$ cat model_26.cif   # mmCIF, C-alpha atoms and all ligand atoms
data_target
loop_
_atom_site.group_PDB
_atom_site.id
_atom_site.type_symbol
_atom_site.label_atom_id
_atom_site.label_comp_id
_atom_site.auth_asym_id
_atom_site.auth_seq_id
_atom_site.Cartn_x
_atom_site.Cartn_y
_atom_site.Cartn_z
ATOM 1 C CA MET C 36 -2.803 -134.636 -10.327
ATOM 2 C CA PRO C 37 -3.679 -133.444 -13.876
ATOM 3 C CA LEU C 38 -6.412 -136.042 -14.528
ATOM 4 C CA LYS C 39 -9.943 -135.903 -13.119
ATOM 5 C CA GLU C 40 -12.728 -138.478 -13.408
ATOM 6 C CA ILE C 41 -15.596 -137.535 -15.724
ATOM 7 C CA SER C 42 -18.815 -137.064 -13.780
ATOM 8 C CA HIS C 43 -21.803 -135.013 -14.939
ATOM 9 C CA PRO C 44 -25.577 -135.650 -14.773
ATOM 10 C CA ALA C 45 -25.878 -135.376 -18.584
ATOM 11 C CA VAL C 46 -22.914 -137.666 -19.394
ATOM 12 C CA ASP C 47 -23.063 -141.457 -19.716
ATOM 13 C CA ILE C 48 -19.843 -143.473 -19.695
ATOM 14 C CA ASP C 49 -19.625 -146.362 -22.177
ATOM 15 C CA LEU C 50 -15.928 -147.159 -22.612
ATOM 16 C CA ARG C 51 -15.823 -149.563 -25.545
ATOM 17 C CA TYR C 52 -12.274 -150.682 -24.801
ATOM 18 C CA ALA C 53 -13.529 -152.057 -21.474
ATOM 19 C CA THR C 54 -15.700 -154.484 -23.497
ATOM 20 C CA PRO C 55 -15.040 -156.755 -26.507
ATOM 21 C CA ASP C 56 -17.310 -154.408 -28.543
ATOM 22 C CA ASN C 57 -14.454 -152.558 -30.286
ATOM 23 C CA ILE C 58 -12.284 -152.943 -33.380
ATOM 24 C CA THR C 59 -9.949 -155.429 -31.655
ATOM 25 C CA GLY C 60 -12.751 -157.701 -30.379
ATOM 26 C CA GLN C 61 -10.879 -157.805 -27.053
ATOM 27 C CA CYS C 62 -11.195 -156.150 -23.653
ATOM 28 C CA ILE C 63 -8.340 -153.632 -23.521
ATOM 29 C CA TYR C 64 -9.231 -151.973 -20.210
ATOM 30 C CA ASP C 65 -9.841 -153.967 -17.040
ATOM 31 C CA HIS C 66 -12.068 -151.228 -15.574
ATOM 32 C CA ALA C 67 -14.446 -148.717 -17.162
ATOM 33 C CA VAL C 68 -13.469 -145.404 -15.592
ATOM 34 C CA ALA C 69 -13.137 -142.259 -17.666
ATOM 35 C CA PHE C 70 -10.571 -139.559 -16.903
ATOM 36 C CA LEU C 71 -9.575 -136.358 -18.677
ATOM 37 C CA HIS C 72 -6.985 -133.669 -18.060
ATOM 38 C CA GLN C 73 -8.656 -131.013 -15.925
ATOM 39 C CA ASP C 74 -8.566 -128.508 -18.827
ATOM 40 C CA ALA C 75 -10.336 -131.016 -21.076
ATOM 41 C CA LEU C 76 -12.819 -131.907 -18.347
ATOM 42 C CA LEU C 77 -13.812 -128.242 -17.973
ATOM 43 C CA ALA C 78 -14.388 -128.056 -21.737
ATOM 44 C CA LEU C 79 -16.436 -131.281 -21.663
ATOM 45 C CA VAL C 80 -18.599 -130.004 -18.808
ATOM 46 C CA ARG C 81 -19.338 -126.930 -20.931
ATOM 47 C CA VAL C 82 -20.511 -129.233 -23.764
ATOM 48 C CA ALA C 83 -22.604 -131.335 -21.377
ATOM 49 C CA ASP C 84 -24.296 -128.189 -20.047
ATOM 50 C CA LEU C 85 -25.025 -126.995 -23.599
ATOM 51 C CA ALA C 86 -26.371 -130.434 -24.578
ATOM 52 C CA ALA C 87 -28.514 -130.641 -21.431
ATOM 53 C CA ALA C 88 -30.041 -127.252 -22.242
ATOM 54 C CA GLN C 89 -31.428 -128.937 -25.393
ATOM 55 C CA GLY C 90 -32.526 -132.057 -23.505
ATOM 56 C CA LEU C 91 -29.639 -134.066 -24.968
ATOM 57 C CA ARG C 92 -27.021 -136.258 -23.295
ATOM 58 C CA LEU C 93 -23.408 -137.141 -24.076
ATOM 59 C CA ARG C 94 -22.051 -140.677 -24.206
ATOM 60 C CA VAL C 95 -18.289 -140.939 -23.690
ATOM 61 C CA LEU C 96 -16.807 -143.856 -25.669
ATOM 62 C CA ASP C 97 -13.146 -143.265 -24.759
ATOM 63 C CA ALA C 98 -11.187 -140.618 -22.850
ATOM 64 C CA TYR C 99 -7.760 -140.886 -21.161
ATOM 65 C CA ARG C 100 -6.068 -144.010 -22.506
ATOM 66 C CA PRO C 101 -3.081 -145.428 -20.598
ATOM 67 C CA SER C 102 0.059 -146.087 -22.624
ATOM 68 C CA ALA C 103 -0.228 -149.788 -21.744
ATOM 69 C CA ALA C 104 -3.660 -149.808 -23.421
ATOM 70 C CA GLN C 105 -2.180 -148.281 -26.566
ATOM 71 C CA TRP C 106 0.331 -151.156 -26.638
ATOM 72 C CA ARG C 107 -2.492 -153.664 -26.162
ATOM 73 C CA LEU C 108 -4.506 -152.080 -28.985
ATOM 74 C CA TRP C 109 -1.395 -152.166 -31.177
ATOM 75 C CA ALA C 110 -0.742 -155.836 -30.330
ATOM 76 C CA ALA C 111 -4.318 -156.688 -31.331
ATOM 77 C CA LEU C 112 -4.313 -154.533 -34.489
ATOM 78 C CA PRO C 113 -0.821 -153.347 -35.538
ATOM 79 C CA ASP C 114 -2.029 -151.175 -38.408
ATOM 80 C CA PRO C 115 -1.391 -147.411 -38.237
ATOM 81 C CA ARG C 116 -4.503 -146.764 -40.333
ATOM 82 C CA PHE C 117 -6.581 -147.919 -37.381
ATOM 83 C CA VAL C 118 -4.458 -147.601 -34.226
ATOM 84 C CA ALA C 119 -1.832 -144.978 -33.321
ATOM 85 C CA ASP C 120 1.616 -146.549 -33.040
ATOM 86 C CA PRO C 121 2.322 -146.603 -29.267
ATOM 87 C CA ARG C 122 5.902 -145.391 -29.894
ATOM 88 C CA VAL C 123 4.371 -142.228 -31.376
ATOM 89 C CA GLY C 124 1.520 -142.171 -28.888
ATOM 90 C CA SER C 125 -2.093 -141.094 -28.985
ATOM 91 C CA MET C 126 -3.667 -137.767 -28.018
ATOM 92 C CA HIS C 127 -5.751 -139.884 -25.651
ATOM 93 C CA THR C 128 -2.602 -140.724 -23.679
ATOM 94 C CA ARG C 129 -2.197 -136.992 -22.957
ATOM 95 C CA GLY C 130 -5.703 -136.925 -21.455
ATOM 96 C CA VAL C 131 -6.893 -134.181 -23.818
ATOM 97 C CA ALA C 132 -8.906 -136.262 -26.326
ATOM 98 C CA VAL C 133 -12.386 -137.707 -26.042
ATOM 99 C CA ASP C 134 -14.440 -140.014 -28.255
ATOM 100 C CA LEU C 135 -18.151 -139.417 -27.807
ATOM 101 C CA THR C 136 -21.600 -139.221 -29.304
ATOM 102 C CA LEU C 137 -24.906 -137.465 -28.597
ATOM 103 C CA CYS C 138 -27.941 -139.196 -27.101
ATOM 104 C CA ASN C 139 -31.618 -138.381 -26.765
ATOM 105 C CA PRO C 140 -33.065 -137.647 -23.276
ATOM 106 C CA ASP C 141 -33.446 -141.416 -22.662
ATOM 107 C CA GLY C 142 -29.763 -142.041 -23.361
ATOM 108 C CA VAL C 143 -30.348 -143.590 -26.806
ATOM 109 C CA PRO C 144 -27.513 -142.600 -29.188
ATOM 110 C CA LEU C 145 -28.455 -140.367 -32.118
ATOM 111 C CA ASP C 146 -27.858 -141.671 -35.651
ATOM 112 C CA MET C 147 -24.342 -140.636 -36.673
ATOM 113 C CA GLY C 148 -24.269 -142.638 -39.906
ATOM 114 C CA THR C 149 -21.578 -145.147 -38.869
ATOM 115 C CA ALA C 150 -20.484 -147.020 -35.774
ATOM 116 C CA PHE C 151 -17.739 -145.710 -33.469
ATOM 117 C CA ASP C 152 -14.267 -146.652 -34.792
ATOM 118 C CA GLU C 153 -15.601 -147.515 -38.265
ATOM 119 C CA MET C 154 -12.550 -146.632 -40.341
ATOM 120 C CA THR C 155 -14.196 -145.823 -43.674
ATOM 121 C CA GLU C 156 -14.815 -142.629 -45.628
ATOM 122 C CA GLN C 157 -18.361 -142.699 -44.287
ATOM 123 C CA SER C 158 -16.893 -141.683 -40.912
ATOM 124 C CA PHE C 159 -15.312 -138.531 -42.365
ATOM 125 C CA HIS C 160 -16.843 -135.175 -41.463
ATOM 126 C CA GLY C 161 -18.587 -133.713 -44.493
ATOM 127 C CA ASN C 162 -19.480 -137.114 -45.947
ATOM 128 C CA THR C 163 -22.792 -136.663 -47.785
ATOM 129 C CA GLU C 164 -23.463 -140.365 -48.486
ATOM 130 C CA ILE C 165 -24.864 -140.939 -45.001
ATOM 131 C CA ALA C 166 -28.485 -140.084 -44.202
ATOM 132 C CA PRO C 167 -29.272 -136.346 -43.905
ATOM 133 C CA VAL C 168 -30.353 -136.837 -40.287
ATOM 134 C CA ALA C 169 -26.932 -138.307 -39.475
ATOM 135 C CA GLN C 170 -25.199 -135.400 -41.243
ATOM 136 C CA HIS C 171 -27.335 -133.077 -39.127
ATOM 137 C CA ASN C 172 -26.470 -134.915 -35.892
ATOM 138 C CA ARG C 173 -22.739 -134.780 -36.624
ATOM 139 C CA CYS C 174 -23.004 -131.029 -37.233
ATOM 140 C CA LEU C 175 -24.899 -130.655 -33.961
ATOM 141 C CA LEU C 176 -22.178 -132.494 -32.027
ATOM 142 C CA MET C 177 -19.458 -130.511 -33.804
ATOM 143 C CA GLY C 178 -21.259 -127.236 -33.051
ATOM 144 C CA LEU C 179 -21.486 -127.977 -29.336
ATOM 145 C CA MET C 180 -17.882 -129.198 -29.138
ATOM 146 C CA THR C 181 -16.528 -126.258 -31.157
ATOM 147 C CA LEU C 182 -18.410 -123.765 -28.967
ATOM 148 C CA ALA C 183 -16.605 -125.232 -25.966
ATOM 149 C CA GLY C 184 -13.189 -124.990 -27.625
ATOM 150 C CA TRP C 185 -12.600 -128.528 -28.950
ATOM 151 C CA ASP C 186 -10.990 -129.365 -32.313
ATOM 152 C CA HIS C 187 -12.549 -132.055 -34.503
ATOM 153 C CA HIS C 188 -10.748 -134.846 -36.363
ATOM 154 C CA PRO C 189 -11.536 -134.794 -40.114
ATOM 155 C CA PHE C 190 -11.689 -138.596 -40.440
ATOM 156 C CA GLU C 191 -13.425 -139.587 -37.181
ATOM 157 C CA TRP C 192 -16.783 -137.985 -36.370
ATOM 158 C CA TRP C 193 -16.527 -139.244 -32.752
ATOM 159 C CA HIS C 194 -13.042 -137.845 -31.918
ATOM 160 C CA TYR C 195 -12.317 -134.406 -30.443
ATOM 161 C CA ASN C 196 -9.218 -133.002 -28.764
ATOM 162 C CA LEU C 197 -8.088 -129.735 -27.243
ATOM 163 C CA PRO C 198 -6.162 -127.475 -29.662
ATOM 164 C CA ASP C 199 -2.365 -128.035 -29.787
ATOM 165 C CA PRO C 200 -2.553 -131.271 -27.765
ATOM 166 C CA THR C 201 1.227 -131.719 -27.714
ATOM 167 C CA ARG C 202 1.509 -128.806 -25.257
ATOM 168 C CA TYR C 203 0.201 -131.381 -22.763
ATOM 169 C CA PRO C 204 2.741 -134.048 -21.785
ATOM 170 C CA LYS C 205 2.204 -137.738 -22.423
ATOM 171 C CA LEU C 206 1.174 -139.155 -19.081
ATOM 172 C CA SER C 207 2.827 -142.106 -17.442
ATOM 173 C CA ASP C 208 0.649 -145.029 -16.454
ATOM 174 C CA GLU C 209 1.163 -144.468 -12.745
ATOM 175 C CA VAL C 210 -1.882 -143.683 -10.613
ATOM 176 C CA GLU C 211 -4.673 -143.141 -13.189
ATOM 177 C CA GLY C 212 -3.408 -145.848 -15.548
ATOM 178 C CA GLU C 213 -3.859 -148.410 -12.816
ATOM 179 C CA PHE C 214 -7.479 -147.380 -12.300
ATOM 180 C CA LEU C 215 -8.172 -148.613 -15.841
ATOM 181 C CA MET C 216 -5.695 -151.469 -16.094
ATOM 182 C CA ASP C 217 -4.533 -154.043 -13.578
ATOM 183 C CA ALA C 218 -0.797 -154.680 -13.417
ATOM 184 C CA HIS C 219 -0.051 -157.689 -15.609
ATOM 185 C CA PRO C 220 2.670 -160.231 -14.684
ATOM 186 C CA ALA C 221 4.185 -160.095 -18.194
ATOM 187 C CA ALA C 222 4.491 -156.309 -18.003
ATOM 188 C CA ALA C 223 5.848 -156.427 -14.450
ATOM 189 C CA SER C 224 8.544 -159.000 -15.237
ATOM 190 C CA GLY C 225 9.579 -156.949 -18.258
ATOM 191 C CA GLY C 226 11.053 -154.433 -15.825
HETATM 192 ZN ZN ZN C 301 -10.205 -140.634 -30.277
#

$ encode --input "model_26.cif" --output "structure tokens" --more "lines below"
Ligand SMILES: [Zn+2]
Amino acid sequence: MPLKEISHPAVDIDLRYATPDNITGQCIYDHAVAFLHQDALLALVRVADLAAAQGLRLRVLDAYRPSAAQWRLWAALPDPRFVADPRVGSMHTRGVAVDLTLCNPDGVPLDMGTAFDEMTEQSFHGNTEIAPVAQHNRCLLMGLMTLAGWDHHPFEWWHYNLPDPTRYPKLSDEVEGEFLMDAHPAAASGG
């Protein structure tokens, strides 16, 4: 089984696609459980340990994303500027991408300048229009993630993935997919 559930004393799980508080305004996941490929989980644990050594916490906003969820995101917002086309697939469906932010010791998210999934230039790394403290916080998150071997995404301060993600196969929705998403009659009857 390549996927493992994320569990660490310095990591909070806040899967936005399990709530309506996301760009689609709809619940995409039926259950808020966060999985990563075991290689990615090891790298995330390294980041959590480094963050904890500074009294900081991580908040995971998305991790492994079942293919069925990618289709549901696409149905709600079929715009490739915002959502990866499910026929192409997302790095999240390979289990080697994570969306996250840093929190203070009480679990309050640090100022990163924009909200998660805000698709504007203000979300780009290196944007200098956001407050200096937010620029600093993004650099802090990038430093911790880079130390542990993650690659950043130039347009999304919250997104990181393992290098060369396509060396990991796209995962089918069996087993772990069903932990996040109930089987739906429409999908079942579609064969
Ligand atoms: Zn992402």

$ resolve_selection --input "model_26.cif" --expression "the PyMOL selection byres (((chain C and resi 75) around 12) and not hetatm)" --output "MDAnalysis selection string"
chainID C and resid 37:41 70:74 76:82 98:99 126:127 129:133 180 183:186 195:198 200 203

$ atom_distance --input "model_26.cif" --atom1 "CA of Leu137 (chain C)" --atom2 "CA of Gly60 (chain C)"
23.7 Å

$ resolve_selection --input "model_26.cif" --expression "the PyMOL selection byres (((chain C and resi 189) around 9) and not hetatm)" --output "PyMOL selection string"
chain C and resi 158-161+187-188+190-192+194

$ closest_residue --input "model_26.cif" --among "C:Val168, C:Leu112, C:Leu85, C:Ala69" --to "Asp49 (chain C)" --atoms "all atoms listed in the file"
C:Ala69

$ residues_around --input "model_26.cif" --residues "Arg100 (chain C)" --least-positions-apart "4" --cutoff "12 Å" --atoms "only C-alpha atoms" --output "PyMOL selection string"
chain C and resi 38+50-53+63-72+96+104-108+119+121+124-134+205-208+211-216

$ closest_residue --input "model_26.cif" --among "C:Ile58, C:Thr155, C:Val118, C:Thr201" --to "ligand ZN 301 (chain C)" --atoms "only C-alpha atoms and all ligand atoms"
C:Val118

$ residues_around --input "model_26.cif" --residues "Gln89 (chain C)" --least-positions-apart "6" --cutoff "12 Å" --atoms "all atoms listed in the file" --output "MDAnalysis selection string"
chainID C and resid 45 82:83 137:140 175:176 179

$ closest_residue --input "model_26.cif" --among "C:Thr163, C:Thr136, C:Ser102, C:Thr181" --to "Phe151 (chain C)" --atoms "only C-alpha atoms"
C:Thr136

$ closest_residue --input "model_26.cif" --among "C:Leu135, C:Glu164, C:Val46, C:Asp141" --to "ligand ZN 301 (chain C)" --atoms "all atoms listed in the file"
C:Leu135

$ atom_distance --input "model_26.cif" --atom1 "CA of Gly148 (chain C)" --atom2 "CA of Met177 (chain C)"
14.4 Å

$ axis_aligned_box --input "model_26.cif" --around "region 120-134 of chain C" --padding-each-side "5 Å" --output "JSON"
{"center_x": -4.3, "center_y": -140.4, "center_z": -27.2, "size_x": 30.3, "size_y": 22.4, "size_z": 21.6}

$ closest_residue --input "model_26.cif" --among "C:Ala110, C:Ala103, C:Arg202, C:Asp97" --to "ligand ZN 301 (chain C)" --atoms "all atoms listed in the file"
C:Asp97

$ atom_distance --input "model_26.cif" --atom1 "CA of Ser42 (chain C)" --atom2 "CA of Asp120 (chain C)"
29.6 Å

$ closest_residue --input "model_26.cif" --among "C:Asp146, C:Asp56, C:Asp217, C:Asp114" --to "Trp193 (chain C)" --atoms "all atoms listed in the file"
C:Asp146

$ build_atoms --input "model_26.cif" --residues "region 104-121 of chain C" --atoms "N, CA and C atoms" --output "mmCIF file, keeping the file's coordinate frame"
data_model
loop_
_atom_site.group_PDB
_atom_site.id
_atom_site.type_symbol
_atom_site.label_atom_id
_atom_site.label_comp_id
_atom_site.auth_asym_id
_atom_site.auth_seq_id
_atom_site.Cartn_x
_atom_site.Cartn_y
_atom_site.Cartn_z
ATOM 1 N N ALA C 104 -2.504 -149.469 -22.591
ATOM 2 C CA ALA C 104 -3.660 -149.808 -23.421
ATOM 3 C C ALA C 104 -3.338 -149.589 -24.898
ATOM 4 N N GLN C 105 -2.560 -148.533 -25.180
ATOM 5 C CA GLN C 105 -2.180 -148.281 -26.566
ATOM 6 C C GLN C 105 -1.347 -149.450 -27.103
ATOM 7 N N TRP C 106 -0.460 -149.983 -26.235
ATOM 8 C CA TRP C 106 0.331 -151.156 -26.638
ATOM 9 C C TRP C 106 -0.571 -152.366 -26.847
ATOM 10 N N ARG C 107 -1.605 -152.510 -26.022
ATOM 11 C CA ARG C 107 -2.492 -153.664 -26.162
ATOM 12 C C ARG C 107 -3.337 -153.533 -27.438
ATOM 13 N N LEU C 108 -3.780 -152.315 -27.731
ATOM 14 C CA LEU C 108 -4.506 -152.080 -28.985
ATOM 15 C C LEU C 108 -3.610 -152.419 -30.177
ATOM 16 N N TRP C 109 -2.351 -151.960 -30.082
ATOM 17 C CA TRP C 109 -1.395 -152.166 -31.177
ATOM 18 C C TRP C 109 -1.097 -153.652 -31.359
ATOM 19 N N ALA C 110 -1.002 -154.392 -30.250
ATOM 20 C CA ALA C 110 -0.742 -155.836 -30.330
ATOM 21 C C ALA C 110 -1.911 -156.535 -31.011
ATOM 22 N N ALA C 111 -3.139 -156.057 -30.747
ATOM 23 C CA ALA C 111 -4.318 -156.688 -31.331
ATOM 24 C C ALA C 111 -4.501 -156.276 -32.792
ATOM 25 N N LEU C 112 -4.065 -155.059 -33.140
ATOM 26 C CA LEU C 112 -4.313 -154.533 -34.489
ATOM 27 C C LEU C 112 -3.165 -153.597 -34.872
ATOM 28 N N PRO C 113 -2.007 -154.187 -35.265
ATOM 29 C CA PRO C 113 -0.821 -153.347 -35.538
ATOM 30 C C PRO C 113 -0.875 -152.714 -36.917
ATOM 31 N N ASP C 114 -1.833 -151.828 -37.116
ATOM 32 C CA ASP C 114 -2.029 -151.175 -38.408
ATOM 33 C C ASP C 114 -2.249 -149.689 -38.158
ATOM 34 N N PRO C 115 -1.290 -148.842 -38.572
ATOM 35 C CA PRO C 115 -1.391 -147.411 -38.237
ATOM 36 C C PRO C 115 -2.589 -146.705 -38.869
ATOM 37 N N ARG C 116 -3.273 -147.376 -39.810
ATOM 38 C CA ARG C 116 -4.503 -146.764 -40.333
ATOM 39 C C ARG C 116 -5.603 -146.789 -39.281
ATOM 40 N N PHE C 117 -5.502 -147.725 -38.345
ATOM 41 C CA PHE C 117 -6.581 -147.919 -37.381
ATOM 42 C C PHE C 117 -6.187 -147.571 -35.951
ATOM 43 N N VAL C 118 -4.914 -147.777 -35.609
ATOM 44 C CA VAL C 118 -4.458 -147.601 -34.226
ATOM 45 C C VAL C 118 -3.172 -146.774 -34.263
ATOM 46 N N ALA C 119 -3.073 -145.762 -33.395
ATOM 47 C CA ALA C 119 -1.832 -144.978 -33.321
ATOM 48 C C ALA C 119 -0.705 -145.865 -32.811
ATOM 49 N N ASP C 120 0.439 -145.795 -33.480
ATOM 50 C CA ASP C 120 1.616 -146.549 -33.040
ATOM 51 C C ASP C 120 1.975 -146.084 -31.623
ATOM 52 N N PRO C 121 2.063 -147.018 -30.660
ATOM 53 C CA PRO C 121 2.322 -146.603 -29.267
ATOM 54 C C PRO C 121 3.662 -145.890 -29.078
#
